[in-house]
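Novice: One file: protein.cif (mmCIF, C-alpha atoms, pLDDT in the B column; chains and numbers go by the auth columns).
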```cif
data_protein
loop_
_atom_site.group_PDB
_atom_site.id
_atom_site.type_symbol
_atom_site.label_atom_id
_atom_site.label_comp_id
_atom_site.label_asym_id
_atom_site.label_seq_id
_atom_site.Cartn_x
_atom_site.Cartn_y
_atom_site.Cartn_z
_atom_site.B_iso_or_equiv
_atom_site.auth_seq_id
_atom_site.auth_asym_id
ATOM 1 C CA MET A 1 63.608 125.982 316.748 46.00 286 A
ATOM 2 C CA ARG A 2 63.600 126.801 313.069 50.00 287 A
ATOM 3 C CA PHE A 3 62.800 124.205 310.568 48.00 288 A
ATOM 4 C CA MET A 4 64.488 124.193 307.309 49.00 289 A
ATOM 5 C CA PRO A 5 62.320 123.588 304.261 51.00 290 A
ATOM 6 C CA ASP A 6 62.738 120.233 302.589 52.00 291 A
ATOM 7 C CA ARG A 7 64.571 120.433 299.446 53.00 292 A
ATOM 8 C CA PHE A 8 63.392 117.069 298.223 47.00 293 A
ATOM 9 C CA LYS A 9 59.838 115.527 298.038 54.00 294 A
ATOM 10 C CA THR A 10 59.067 111.878 297.911 53.00 295 A
ATOM 11 C CA PRO A 11 57.609 111.142 294.503 52.00 296 A
ATOM 12 C CA ASN A 12 54.101 109.519 294.301 54.00 297 A
ATOM 13 C CA ILE A 13 54.201 106.427 292.163 49.00 298 A
ATOM 14 C CA THR A 14 50.890 105.846 290.363 50.00 299 A
ATOM 15 C CA HIS A 15 50.165 103.070 287.890 48.00 300 A
ATOM 16 C CA VAL A 16 48.303 104.187 284.780 49.00 301 A
ATOM 17 C CA MET A 17 46.436 101.267 283.233 51.00 302 A
ATOM 18 C CA GLY A 18 46.460 101.228 279.486 51.00 303 A
ATOM 19 C CA GLN A 19 43.166 101.195 277.547 52.00 304 A
ATOM 20 C CA ARG A 20 44.008 97.821 276.045 53.00 305 A
ATOM 21 C CA GLU A 21 44.001 96.132 279.469 53.00 306 A
ATOM 22 C CA TYR A 22 40.320 96.916 280.268 53.00 307 A
ATOM 23 C CA PRO A 23 38.774 94.324 277.862 57.00 308 A
ATOM 24 C CA VAL A 24 41.105 91.668 279.172 55.00 309 A
ATOM 25 C CA LEU A 25 39.936 92.244 282.736 59.00 310 A
ATOM 26 C CA ALA A 26 36.255 92.644 281.769 65.00 311 A
ATOM 27 C CA LEU A 27 36.061 89.458 279.698 66.00 312 A
ATOM 28 C CA PRO A 28 36.024 86.989 282.641 69.00 313 A
ATOM 29 C CA VAL A 29 33.383 89.112 284.333 67.00 314 A
ATOM 30 C CA LEU A 30 31.231 89.077 281.195 73.00 315 A
ATOM 31 C CA ILE A 31 31.581 85.324 280.817 73.00 316 A
ATOM 32 C CA VAL A 32 30.596 84.737 284.445 69.00 317 A
ATOM 33 C CA TRP A 33 27.594 87.036 283.986 74.00 318 A
ATOM 34 C CA LEU A 34 26.429 85.193 280.873 73.00 319 A
ATOM 35 C CA ILE A 35 26.762 81.783 282.519 74.00 320 A
ATOM 36 C CA THR A 36 24.877 82.976 285.594 74.00 321 A
ATOM 37 C CA THR A 37 22.133 84.514 283.496 76.00 322 A
ATOM 38 C CA TRP A 38 21.716 81.334 281.414 65.00 323 A
ATOM 39 C CA LEU A 39 21.633 79.103 284.492 67.00 324 A
ATOM 40 C CA ALA A 40 19.026 81.378 286.047 65.00 325 A
ATOM 41 C CA PHE A 41 16.964 81.308 282.840 63.00 326 A
ATOM 42 C CA ASP A 42 17.204 77.525 282.523 61.00 327 A
ATOM 43 C CA TYR A 43 16.326 77.111 286.191 59.00 328 A
ATOM 44 C CA GLY A 44 13.291 79.324 285.677 61.00 329 A
ATOM 45 C CA ARG A 45 12.180 77.226 282.693 57.00 330 A
ATOM 46 C CA GLY A 46 12.582 74.088 284.717 58.00 331 A
ATOM 47 C CA ARG A 47 10.501 75.496 287.571 57.00 332 A
ATOM 48 C CA ALA A 48 7.849 76.447 284.991 58.00 333 A
ATOM 49 C CA GLY A 49 7.680 72.887 283.710 55.00 334 A
ATOM 50 C CA TYR A 50 9.807 73.320 280.575 52.00 335 A
ATOM 51 C CA ASP A 51 11.867 70.282 279.609 58.00 336 A
ATOM 52 C CA SER A 52 14.495 71.100 276.998 63.00 337 A
ATOM 53 C CA GLY A 53 15.031 67.429 276.158 67.00 338 A
ATOM 54 C CA GLU A 54 11.331 66.820 275.643 73.00 339 A
ATOM 55 C CA ALA A 55 11.092 70.005 273.594 71.00 340 A
ATOM 56 C CA ALA A 56 13.897 68.818 271.329 78.00 341 A
ATOM 57 C CA VAL A 57 12.120 65.484 270.835 80.00 342 A
ATOM 58 C CA ARG A 58 8.862 67.295 269.997 79.00 343 A
ATOM 59 C CA VAL A 59 10.646 69.535 267.511 83.00 344 A
ATOM 60 C CA GLY A 60 12.042 66.430 265.822 84.00 345 A
ATOM 61 C CA GLU A 61 8.568 64.879 265.660 85.00 346 A
ATOM 62 C CA LEU A 62 7.130 68.049 264.122 86.00 347 A
ATOM 63 C CA ARG A 63 9.846 68.080 261.503 88.00 348 A
ATOM 64 C CA ASP A 64 9.057 64.470 260.628 87.00 349 A
ATOM 65 C CA GLU A 65 5.354 65.370 260.344 88.00 350 A
ATOM 66 C CA ILE A 66 6.220 68.282 258.051 90.00 351 A
ATOM 67 C CA LYS A 67 8.206 65.947 255.798 90.00 352 A
ATOM 68 C CA VAL A 68 5.241 63.540 255.626 89.00 353 A
ATOM 69 C CA LEU A 69 2.829 66.392 254.846 90.00 354 A
ATOM 70 C CA ASP A 70 5.170 67.726 252.145 90.00 355 A
ATOM 71 C CA LYS A 71 5.280 64.282 250.571 90.00 356 A
ATOM 72 C CA GLU A 72 1.484 63.991 250.673 90.00 357 A
ATOM 73 C CA ARG A 73 1.180 67.479 249.138 90.00 358 A
ATOM 74 C CA GLU A 74 3.411 66.490 246.227 91.00 359 A
ATOM 75 C CA GLN A 75 1.353 63.332 245.691 91.00 360 A
ATOM 76 C CA LEU A 76 -1.863 65.392 245.701 91.00 361 A
ATOM 77 C CA LYS A 77 -0.386 67.865 243.216 91.00 362 A
ATOM 78 C CA ARG A 78 0.503 65.014 240.864 91.00 363 A
ATOM 79 C CA ARG A 79 -2.988 63.544 241.317 90.00 364 A
ATOM 80 C CA ILE A 80 -4.620 66.909 240.553 91.00 365 A
ATOM 81 C CA ALA A 81 -2.502 67.284 237.412 90.00 366 A
ATOM 82 C CA ALA A 82 -3.521 63.788 236.277 90.00 367 A
ATOM 83 C CA LEU A 83 -7.204 64.563 236.914 90.00 368 A
ATOM 84 C CA GLU A 84 -6.933 67.835 234.989 89.00 369 A
ATOM 85 C CA ARG A 85 -5.414 65.999 232.004 89.00 370 A
ATOM 86 C CA GLN A 86 -8.149 63.367 232.232 87.00 371 A
ATOM 87 C CA ASP A 87 -10.821 66.062 232.385 87.00 372 A
ATOM 88 C CA GLN A 88 -9.347 67.708 229.278 87.00 373 A
ATOM 89 C CA VAL A 89 -9.449 64.385 227.444 86.00 374 A
ATOM 90 C CA TYR A 90 -13.107 63.925 228.437 85.00 375 A
ATOM 91 C CA LYS A 91 -13.960 67.450 227.239 85.00 376 A
ATOM 92 C CA GLU A 92 -12.270 66.881 223.899 85.00 377 A
ATOM 93 C CA ALA A 93 -14.068 63.551 223.501 85.00 378 A
ATOM 94 C CA GLU A 94 -17.386 65.192 224.385 83.00 379 A
ATOM 95 C CA LEU A 95 -16.801 67.984 221.860 80.00 380 A
ATOM 96 C CA GLN A 96 -15.887 65.472 219.192 82.00 381 A
ATOM 97 C CA MET A 97 -19.025 63.494 219.968 82.00 382 A
ATOM 98 C CA LYS A 98 -21.189 66.626 219.736 79.00 383 A
ATOM 99 C CA ASN A 99 -19.647 67.520 216.379 73.00 384 A
ATOM 100 C CA THR A 100 -20.263 63.973 215.180 75.00 385 A
ATOM 101 C CA MET A 101 -23.887 64.165 216.314 75.00 386 A
ATOM 102 C CA VAL A 102 -24.325 67.468 214.479 68.00 387 A
ATOM 103 C CA GLY A 103 -22.906 65.837 211.372 67.00 388 A
ATOM 104 C CA TYR A 104 -25.314 62.922 211.736 71.00 389 A
ATOM 105 C CA GLN A 105 -28.235 65.309 212.190 68.00 390 A
ATOM 106 C CA ASP A 106 -27.252 67.293 209.092 65.00 391 A
ATOM 107 C CA ALA A 107 -26.937 64.083 207.098 68.00 392 A
ATOM 108 C CA LYS A 108 -30.306 62.899 208.380 69.00 393 A
ATOM 109 C CA LEU A 109 -31.972 66.189 207.434 64.00 394 A
ATOM 110 C CA LYS A 110 -30.392 66.026 203.995 64.00 395 A
ATOM 111 C CA LEU A 111 -31.663 62.478 203.501 69.00 396 A
ATOM 112 C CA GLU A 112 -35.146 63.462 204.631 61.00 397 A
ATOM 113 C CA LYS A 113 -35.210 66.285 202.095 64.00 398 A
ATOM 114 C CA GLU A 114 -33.957 63.887 199.450 66.00 399 A
ATOM 115 C CA VAL A 115 -36.709 61.401 200.275 64.00 400 A
ATOM 116 C CA LEU A 116 -39.407 64.084 200.075 59.00 401 A
ATOM 117 C CA PHE A 117 -38.014 65.271 196.780 60.00 402 A
ATOM 118 C CA LEU A 118 -37.899 61.768 195.306 62.00 403 A
ATOM 119 C CA ARG A 119 -41.412 61.020 196.509 58.00 404 A
ATOM 120 C CA GLY A 120 -42.621 63.991 194.528 57.00 405 A
ATOM 121 C CA VAL A 121 -40.746 62.735 191.478 52.00 406 A
ATOM 122 C CA ILE A 122 -42.053 59.171 191.781 53.00 407 A
ATOM 123 C CA SER A 123 -45.645 59.838 192.748 52.00 408 A
ATOM 124 C CA GLY A 124 -46.444 61.974 189.703 52.00 409 A
ATOM 125 C CA ARG A 125 -49.444 63.327 191.540 51.00 410 A
ATOM 126 C CA PRO A 126 -50.455 66.904 190.862 52.00 411 A
ATOM 127 C CA GLY A 127 -49.285 69.385 193.453 61.00 412 A
ATOM 128 C CA LYS A 128 -46.549 71.865 194.119 75.00 413 A
ATOM 129 C CA ALA A 129 -43.196 71.145 192.566 79.00 414 A
ATOM 130 C CA GLN A 130 -40.180 71.185 194.868 83.00 415 A
ATOM 131 C CA LEU A 131 -36.795 72.651 194.048 88.00 416 A
ATOM 132 C CA ARG A 132 -33.463 71.189 195.070 88.00 417 A
ATOM 133 C CA VAL A 133 -29.872 72.422 195.160 91.00 418 A
ATOM 134 C CA HIS A 134 -27.412 69.546 195.076 87.00 419 A
ATOM 135 C CA ASN A 135 -23.730 68.809 194.413 89.00 420 A
ATOM 136 C CA LEU A 136 -22.703 72.216 195.744 93.00 421 A
ATOM 137 C CA LYS A 137 -18.914 72.408 195.574 93.00 422 A
ATOM 138 C CA THR A 138 -16.412 75.166 196.356 95.00 423 A
ATOM 139 C CA SER A 139 -12.866 74.879 195.046 94.00 424 A
ATOM 140 C CA VAL A 140 -9.821 77.140 194.737 93.00 425 A
ATOM 141 C CA ASP A 141 -7.179 77.572 192.087 89.00 426 A
ATOM 142 C CA LYS A 142 -3.919 77.553 194.049 86.00 427 A
ATOM 143 C CA THR A 143 -2.100 79.254 191.182 86.00 428 A
ATOM 144 C CA THR A 144 -4.344 82.309 190.725 87.00 429 A
ATOM 145 C CA GLY A 145 -6.114 82.278 194.089 86.00 430 A
ATOM 146 C CA ASP A 146 -9.510 82.430 192.385 91.00 431 A
ATOM 147 C CA TYR A 147 -12.437 80.469 193.810 95.00 432 A
ATOM 148 C CA ARG A 148 -15.127 78.524 191.984 94.00 433 A
ATOM 149 C CA LEU A 149 -18.676 77.688 193.058 94.00 434 A
ATOM 150 C CA GLN A 150 -20.663 74.945 191.323 93.00 435 A
ATOM 151 C CA PHE A 151 -24.100 73.450 191.983 94.00 436 A
ATOM 152 C CA THR A 152 -27.201 72.187 190.186 92.00 437 A
ATOM 153 C CA ILE A 153 -30.856 73.183 190.558 91.00 438 A
ATOM 154 C CA ASP A 154 -33.581 70.726 189.628 88.00 439 A
ATOM 155 C CA GLN A 155 -37.242 70.106 190.378 86.00 440 A
ATOM 156 C CA SER A 156 -39.422 67.198 191.421 79.00 441 A
ATOM 157 C CA MET A 157 -41.794 67.691 188.468 72.00 442 A
ATOM 158 C CA ALA A 158 -39.035 67.667 185.880 62.00 443 A
ATOM 159 C CA GLY A 159 -40.303 67.857 182.313 61.00 444 A
ATOM 160 C CA LYS A 160 -43.849 68.783 183.338 72.00 445 A
ATOM 161 C CA ARG A 161 -43.496 72.492 183.976 78.00 446 A
ATOM 162 C CA ARG A 162 -40.898 75.159 183.400 86.00 447 A
ATOM 163 C CA VAL A 163 -39.357 76.866 186.413 88.00 448 A
ATOM 164 C CA GLU A 164 -38.625 80.549 186.200 91.00 449 A
ATOM 165 C CA GLY A 165 -37.862 83.124 188.871 92.00 450 A
ATOM 166 C CA ASP A 166 -35.207 84.870 190.881 93.00 451 A
ATOM 167 C CA ALA A 167 -32.047 83.200 192.168 93.00 452 A
ATOM 168 C CA LYS A 168 -29.898 84.768 194.871 94.00 453 A
ATOM 169 C CA VAL A 169 -26.570 83.417 196.075 94.00 454 A
ATOM 170 C CA SER A 170 -24.667 85.057 198.950 95.00 455 A
ATOM 171 C CA LEU A 171 -21.664 84.305 201.131 95.00 456 A
ATOM 172 C CA THR A 172 -21.566 85.150 204.856 96.00 457 A
ATOM 173 C CA GLY A 173 -18.384 85.488 206.884 95.00 458 A
ATOM 174 C CA VAL A 174 -16.225 87.784 209.011 95.00 459 A
ATOM 175 C CA ASP A 175 -14.243 90.667 207.574 93.00 460 A
ATOM 176 C CA LYS A 176 -10.746 91.767 208.587 91.00 461 A
ATOM 177 C CA ASN A 177 -12.224 93.894 211.407 91.00 462 A
ATOM 178 C CA GLY A 178 -14.038 90.919 212.937 90.00 463 A
ATOM 179 C CA LYS A 179 -17.488 92.056 211.799 93.00 464 A
ATOM 180 C CA GLU A 180 -19.935 89.583 210.268 94.00 465 A
ATOM 181 C CA ILE A 181 -20.982 90.602 206.764 95.00 466 A
ATOM 182 C CA THR A 182 -22.836 88.999 203.847 96.00 467 A
ATOM 183 C CA LEU A 183 -21.535 89.358 200.297 95.00 468 A
ATOM 184 C CA ALA A 184 -23.811 88.926 197.297 94.00 469 A
ATOM 185 C CA MET A 185 -22.382 86.783 194.520 92.00 470 A
ATOM 186 C CA GLY A 186 -22.713 89.766 192.188 90.00 471 A
ATOM 187 C CA ASP A 187 -20.210 91.672 194.389 90.00 472 A
ATOM 188 C CA ILE A 188 -17.484 89.017 194.258 92.00 473 A
ATOM 189 C CA ALA A 189 -18.094 87.206 190.944 91.00 474 A
ATOM 190 C CA LYS A 190 -15.539 87.691 188.196 88.00 475 A
ATOM 191 C CA GLY A 191 -18.238 87.447 185.527 81.00 476 A
ATOM 192 C CA GLN A 192 -22.000 87.726 185.262 80.00 477 A
ATOM 193 C CA ALA A 193 -23.520 86.319 188.450 80.00 478 A
ATOM 194 C CA LEU A 194 -26.654 84.173 188.470 79.00 479 A
ATOM 195 C CA ALA A 195 -29.708 86.333 189.097 85.00 480 A
ATOM 196 C CA LYS A 196 -32.452 84.433 187.293 89.00 481 A
ATOM 197 C CA MET A 197 -33.323 80.779 186.872 89.00 482 A
ATOM 198 C CA GLY A 198 -35.161 79.245 183.981 90.00 483 A
ATOM 199 C CA PHE A 199 -35.198 75.531 183.238 89.00 484 A
ATOM 200 C CA LEU A 200 -37.430 72.584 182.479 86.00 485 A
ATOM 201 C CA HIS A 201 -35.317 69.751 183.844 85.00 486 A
ATOM 202 C CA PHE A 202 -32.294 71.287 185.622 88.00 487 A
ATOM 203 C CA GLN A 203 -29.945 74.263 185.619 92.00 488 A
ATOM 204 C CA LYS A 204 -26.248 74.349 186.458 91.00 489 A
ATOM 205 C CA LEU A 205 -24.368 77.196 188.115 91.00 490 A
ATOM 206 C CA ASP A 206 -20.610 77.644 187.683 91.00 491 A
ATOM 207 C CA GLU A 207 -19.242 80.922 189.070 91.00 492 A
ATOM 208 C CA SER A 208 -15.656 82.148 189.533 92.00 493 A
ATOM 209 C CA PHE A 209 -15.099 84.702 192.285 94.00 494 A
ATOM 210 C CA LYS A 210 -12.518 86.333 194.535 93.00 495 A
ATOM 211 C CA LEU A 211 -12.650 87.000 198.270 93.00 496 A
ATOM 212 C CA PRO A 212 -11.819 90.391 199.812 92.00 497 A
ATOM 213 C CA ASP A 213 -8.558 90.623 201.765 91.00 498 A
ATOM 214 C CA GLY A 214 -8.935 89.333 205.329 92.00 499 A
ATOM 215 C CA PHE A 215 -12.414 87.903 204.726 95.00 500 A
ATOM 216 C CA LYS A 216 -13.106 84.538 206.414 95.00 501 A
ATOM 217 C CA PRO A 217 -16.115 82.719 204.906 95.00 502 A
ATOM 218 C CA SER A 218 -18.631 80.863 207.060 94.00 503 A
ATOM 219 C CA HIS A 219 -21.499 79.640 204.855 94.00 504 A
ATOM 220 C CA TRP A 220 -23.349 80.008 201.573 95.00 505 A
ATOM 221 C CA ARG A 221 -27.001 81.001 201.297 94.00 506 A
ATOM 222 C CA VAL A 222 -29.023 79.986 198.203 94.00 507 A
ATOM 223 C CA GLU A 223 -32.467 81.553 197.820 94.00 508 A
ATOM 224 C CA LEU A 224 -34.729 80.517 194.942 93.00 509 A
ATOM 225 C CA SER A 225 -37.969 82.389 194.397 92.00 510 A
ATOM 226 C CA PRO A 226 -39.939 80.825 191.507 92.00 511 A
ATOM 227 C CA GLY A 227 -42.884 82.585 189.965 86.00 512 A
ATOM 228 C CA GLY A 228 -46.308 81.027 190.345 78.00 513 A
ATOM 229 C CA GLU A 229 -48.001 79.225 193.202 79.00 514 A
ATOM 230 C CA ASP A 230 -47.397 75.688 191.918 80.00 515 A
ATOM 231 C CA ILE A 231 -43.649 75.649 192.784 85.00 516 A
ATOM 232 C CA GLU A 232 -42.278 75.955 196.299 85.00 517 A
ATOM 233 C CA GLY A 233 -39.436 78.366 196.935 89.00 518 A
ATOM 234 C CA LEU A 234 -36.150 77.367 198.572 90.00 519 A
ATOM 235 C CA ASN A 235 -33.885 79.056 201.118 92.00 520 A
ATOM 236 C CA GLU A 236 -31.006 76.824 202.152 91.00 521 A
ATOM 237 C CA ARG A 237 -27.699 77.230 203.932 92.00 522 A
ATOM 238 C CA PHE A 238 -24.498 75.382 202.975 92.00 523 A
ATOM 239 C CA GLU A 239 -21.374 75.374 205.152 92.00 524 A
ATOM 240 C CA TRP A 240 -18.203 76.735 203.586 94.00 525 A
ATOM 241 C CA ARG A 241 -15.994 73.804 202.643 92.00 526 A
ATOM 242 C CA ILE A 242 -13.148 73.785 200.147 91.00 527 A
ATOM 243 C CA LEU A 243 -13.070 70.762 197.859 82.00 528 A
ATOM 244 C CA ASP A 244 -9.611 69.162 197.954 69.00 529 A
#
```
Can you present the structure in this file as structure tokens?
Specialist:
Amino acid sequence: MRFMPDRFKTPNITHVMGQREYPVLALPVLIVWLITTWLAFDYGRGRAGYDSGEAAVRVGELRDEIKVLDKEREQLKRRIAALERQDQVYKEAELQMKNTMVGYQDAKLKLEKEVLFLRGVISGRPGKAQLRVHNLKTSVDKTTGDYRLQFTIDQSMAGKRRVEGDAKVSLTGVDKNGKEITLAMGDIAKGQALAKMGFLHFQKLDESFKLPDGFKPSHWRVELSPGGEDIEGLNERFEWRILD
């Protein structure tokens, strides 16, 4: 028997799923997996003794403790700042007291020298005459910028012997480069500077001078070197102060 070939074939119907449908089907599976994983994790923590409620309470307590510590820290910072200000006030008061004590000591030394000088004047006993520099004043002419130095030299044996010898006046300070230097009066005087002294009762000095640019004075130095052994020499320092 001869079979005739089929002219027609039954078509195979296949359903092709679009790419957009895969996420929709996978989403429920993913959600179930996440829930299962979390439940397993939480169960494991519970078996290990972990209590999420107690942990939350402890976290809250720690946060409260942190707030308290932050508040205490701010209070300590304010306290430290107050103590630092108080310490600065004490330091300034101490410095002022030291400067006052130095002033008292200088005044005391000046008075002691004055007493010794006057004793020599009053006693009239033979001995070495003493020299004194007093009323030393430094002033400035605000119009010209010139300075003026004035002082008087006298002796305890006034009228009994003539004083003659060398006189040296110098000014010490810091130049514009920050180096300490000493200037002789002859280097800064506008006229003839005092170099010799010669008097019976007293001698006055009145010098005009100019300061170099950038020079900051510190103190005067007056050195008197009388001739003879019956008069004591003098070497004295005077702080730089401008007379108002």
Novice: What are the centre and edge lengths in Å, to one decimal, of the axis-aligned box around all listed atoms of segment 447-465 of chain A with 4 Å added on each side, as JSON?
Specialist:
```
{"center_x": -25.8, "center_y": 84.5, "center_z": 198.2, "size_x": 38.2, "size_y": 26.7, "size_z": 37.5}
```
Novice: Between atom CA of Gly476 of chain A and atom CA of Ile516 of chain A, measure the distance and give it in Å to one decimal.
Specialist: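 So the two atoms, atom CA of Gly476 of chain A and atom CA of Ile516 of chain A, lie 28.9 Å apart.
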Novice: When the PyMOL selection byres ((chain A and resi 493) around 12) is applied to the file above, which residues end up in the set, as a PDB file with C-alpha atoms, in the coordinates of the input?
Specialist:
```pdb
ATOM      1  CA  LYS A 422     -18.914  72.408 195.574  1.00 93.00           C
ATOM      2  CA  THR A 423     -16.412  75.166 196.356  1.00 95.00           C
ATOM      3  CA  SER A 424     -12.866  74.879 195.046  1.00 94.00           C
ATOM      4  CA  VAL A 425      -9.821  77.140 194.737  1.00 93.00           C
ATOM      5  CA  ASP A 426      -7.179  77.572 192.087  1.00 89.00           C
ATOM      6  CA  THR A 429      -4.344  82.309 190.725  1.00 87.00           C
ATOM      7  CA  GLY A 430      -6.114  82.278 194.089  1.00 86.00           C
ATOM      8  CA  ASP A 431      -9.510  82.430 192.385  1.00 91.00           C
ATOM      9  CA  TYR A 432     -12.437  80.469 193.810  1.00 95.00           C
ATOM     10  CA  ARG A 433     -15.127  78.524 191.984  1.00 94.00           C
ATOM     11  CA  LEU A 434     -18.676  77.688 193.058  1.00 94.00           C
ATOM     12  CA  GLN A 435     -20.663  74.945 191.323  1.00 93.00           C
ATOM     13  CA  MET A 470     -22.382  86.783 194.520  1.00 92.00           C
ATOM     14  CA  GLY A 471     -22.713  89.766 192.188  1.00 90.00           C
ATOM     15  CA  ASP A 472     -20.210  91.672 194.389  1.00 90.00           C
ATOM     16  CA  ILE A 473     -17.484  89.017 194.258  1.00 92.00           C
ATOM     17  CA  ALA A 474     -18.094  87.206 190.944  1.00 91.00           C
ATOM     18  CA  LYS A 475     -15.539  87.691 188.196  1.00 88.00           C
ATOM     19  CA  GLY A 476     -18.238  87.447 185.527  1.00 81.00           C
ATOM     20  CA  GLN A 477     -22.000  87.726 185.262  1.00 80.00           C
ATOM     21  CA  ALA A 478     -23.520  86.319 188.450  1.00 80.00           C
ATOM     22  CA  LEU A 479     -26.654  84.173 188.470  1.00 79.00           C
ATOM     23  CA  LEU A 490     -24.368  77.196 188.115  1.00 91.00           C
ATOM     24  CA  ASP A 491     -20.610  77.644 187.683  1.00 91.00           C
ATOM     25  CA  GLU A 492     -19.242  80.922 189.070  1.00 91.00           C
ATOM     26  CA  PHE A 494     -15.099  84.702 192.285  1.00 94.00           C
ATOM     27  CA  LYS A 495     -12.518  86.333 194.535  1.00 93.00           C
ATOM     28  CA  LEU A 496     -12.650  87.000 198.270  1.00 93.00           C
TER      29      LEU A 496
END
```
Novice: Quick one: pull the distance between atom CA of Leu416 of chain A and atom CA of Leu509 of chain A, Å, one decimal.
Specialist: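 For atom CA of Leu416 of chain A relative to atom CA of Leu509 of chain A, the distance reads 8.2 Å.
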Novice: Using all atoms listed in the file, find the one residue out of A:Ile466, A:Val454, A:Met482, A:Ala367 that sits nearest to Arg522 of chain A.
Specialist: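 Closest candidate: A:Val454.
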